[in-house]
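Colleague: Take this structure first; my questions come after.
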Amino acid sequence: MDRRTFLKKTALASAAISIVPAHVLGKSRTAPSDTVYMAGIGVGGRGHGVFTALQKTGKVKFVALADVSDKQGAKAFAKAPKAKQYRDFRKIYDNHLDSIDAFFCATPDHTHAVTSLPFMRAGKHAFVEKPLTHNIAEARMMTKVAAERNLVTQMGDVGASSDGLRTATEIVNAGIIGEVSKVDCWTNRPVWPQGLQPPTVGESIPDYLDWDLWLGPAKMREYNSRYLPFKWRGFWDFGTGAMGDMGCHIMETPYIALGLGYPTSAEASCTTMWSGDFVEAEYQGVCPPSSVVRLTFDHAKFGEIKLNWFDGGLMPERPDLLPADDMPGNWDGGSVFYGSKGILVTDTYSRNPRVYLNDGSKAEAPAETLVRIHEGTSGHIANFVDGVLGKAQTSSPFSQAGPLTESVLMGNLAIRAYQHKSLKPGKMPTDWAPYEYPGRTRLNWDGEQMKITNFELANQWVGRSYREGWNI
């Protein structure tokens, strides 16, 4: 079935029932009250981890699996030999839609929305890896469809199910650090080559890969091994850079603990690359090696909150209140809340929250008021399965994960605006006047209208251009 027919069938399926017990359908399989029947899409790499964690719950049976790479999908295919195996996820929709209750999507960022939305519109519950989508418009649409279809949903930001996030939220709610005015977040990403120019020479497509399907909505180009299976994250057409990779993990702590909404503004600065003396290199569609992003939020109780993001080895200043024997964050990043009474420090995935007060003392966490889930990735995925079975509320439903993803991707709008220069590289103004960088202007964001109000050019990145046949 071609893509156009697929989309037409998707629209017709929008009236489908979410979960129907098998005995009602006259089928022999176990009722969904006991087992969740699922499809897995993108089952290599991170997808294999999701697949394995779902199997370990003992409550999931896989009906079908899909991966555009036979090599990447091999491990999952071997572990679920009874599941139908495909390269093209559309064949799952075509052949197994009535046999599944839910699906997971762990494909590269640029194909999250085009893969997930047809199944969501058909009433299938969704686990989608972080970031939820490749751009803000897709995140808004995923949030909307999830609400309209009353779906159980979960984004793969595993810290959302952690005890640490709940402890951090309780600390803020109890007023232990006072009124928060600033949060610094950072990551060691990228841990892949980033900032290098895209390949200019094609290579032979491996026989185990469907390159056209891997590209999905992105424009056609020749295959090159520099894109996959992991390095796609550093190219704007496919990935969302360091901020997209880790922002949903690290920013989730302040975002949820403080109850933030849409940011009101964003600005960025990035590594400058030079191809010669006074000759600045063009980025040509690649994410920068490092960046600093400053987001501003309006908080109902605390007023303006500034959230600063650092990646690529750049770090915020070390807090004065932090003891010498405390390393802020862990190997891959963390966050520091600055309150009127002290600071709250957390590591990546909301781990190990601790408080240091202005008087030099270390405060204890308050009494628990929020329900704990489980620690670790398996707990987050088990939480989704329990949600589908009606036994729990999911920790990162799209109603929360969608706006969080939008906030993260707003930072990427600022980065892309920064990369766009009014003077082409290599042109030095004759009067030695400073370069004009319109991207250095703070972007003002109308979250409800999903629009930058002071730099029209940047609105082109709120959504994206889709290759013919792949519109959402």
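A note on labels: chains of the structure tokens are A, B, ... as shown, every chain counts residues from 1, and ligands are counted from 1 in their shown order.
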Can you list every residue in region 64-268 of chain A that DSSP puts in alpha helix (DSSP H), as a ChimeraX atom specification?

Modeller: /A:70-79,90-96,112-121,136-148,163-173,211-215,241-250,252-257

Colleague: Give me, as a tab-separated table, the closest atom pair and its distance (Å, one decimal) for every residue of region 230-254 of chain A within a cut-off of 12 Å of region 168-177 of chain A, counting only C-alpha atoms, rows sorted by chain and rising number.

Modeller:
```
residue	atom	partner	partner_atom	distance
A:Glu252	CA	A:Thr169	CA	10.9
A:Thr253	CA	A:Ala168	CA	7.3
A:Pro254	CA	A:Thr169	CA	8.4
```

Colleague: Region 197-199 of chain A: which residues within 9 Å, counting only C-alpha atoms, same-chain residues fewer than 4 positions away excluded, as a PyMOL selection string?

Modeller: chain A and resi 222+224+226-227+235+282-286

Colleague: Tell me, as an MDAnalysis selection string, which residues lie within 12 Å of Asp157 (chain A), counting only C-alpha atoms; anything in the same chain fewer than 5 positions away does not count.

Modeller: chainID A and resid 50 127:132 162 165 244:253 348:350 376:381 384 394:398 400:402 404:405

Colleague: Between CA of Asn308 (chain A) and CA of Met155 (chain A), what is the distance in Å, rounded to a tenth?

Modeller: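 So the two atoms, CA of Asn308 (chain A) and CA of Met155 (chain A), lie 23.0 Å apart.
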
Colleague: Can you tell me, as a ChimeraX atom specification, what residues are no more than 12 Å from Gly47 (chain A) when counting only C-alpha atoms, ignoring any on the same chain fewer than 6 positions away?

Modeller: /A:39-41,53-54,65-67,72-77,103-108,127-130,156,229
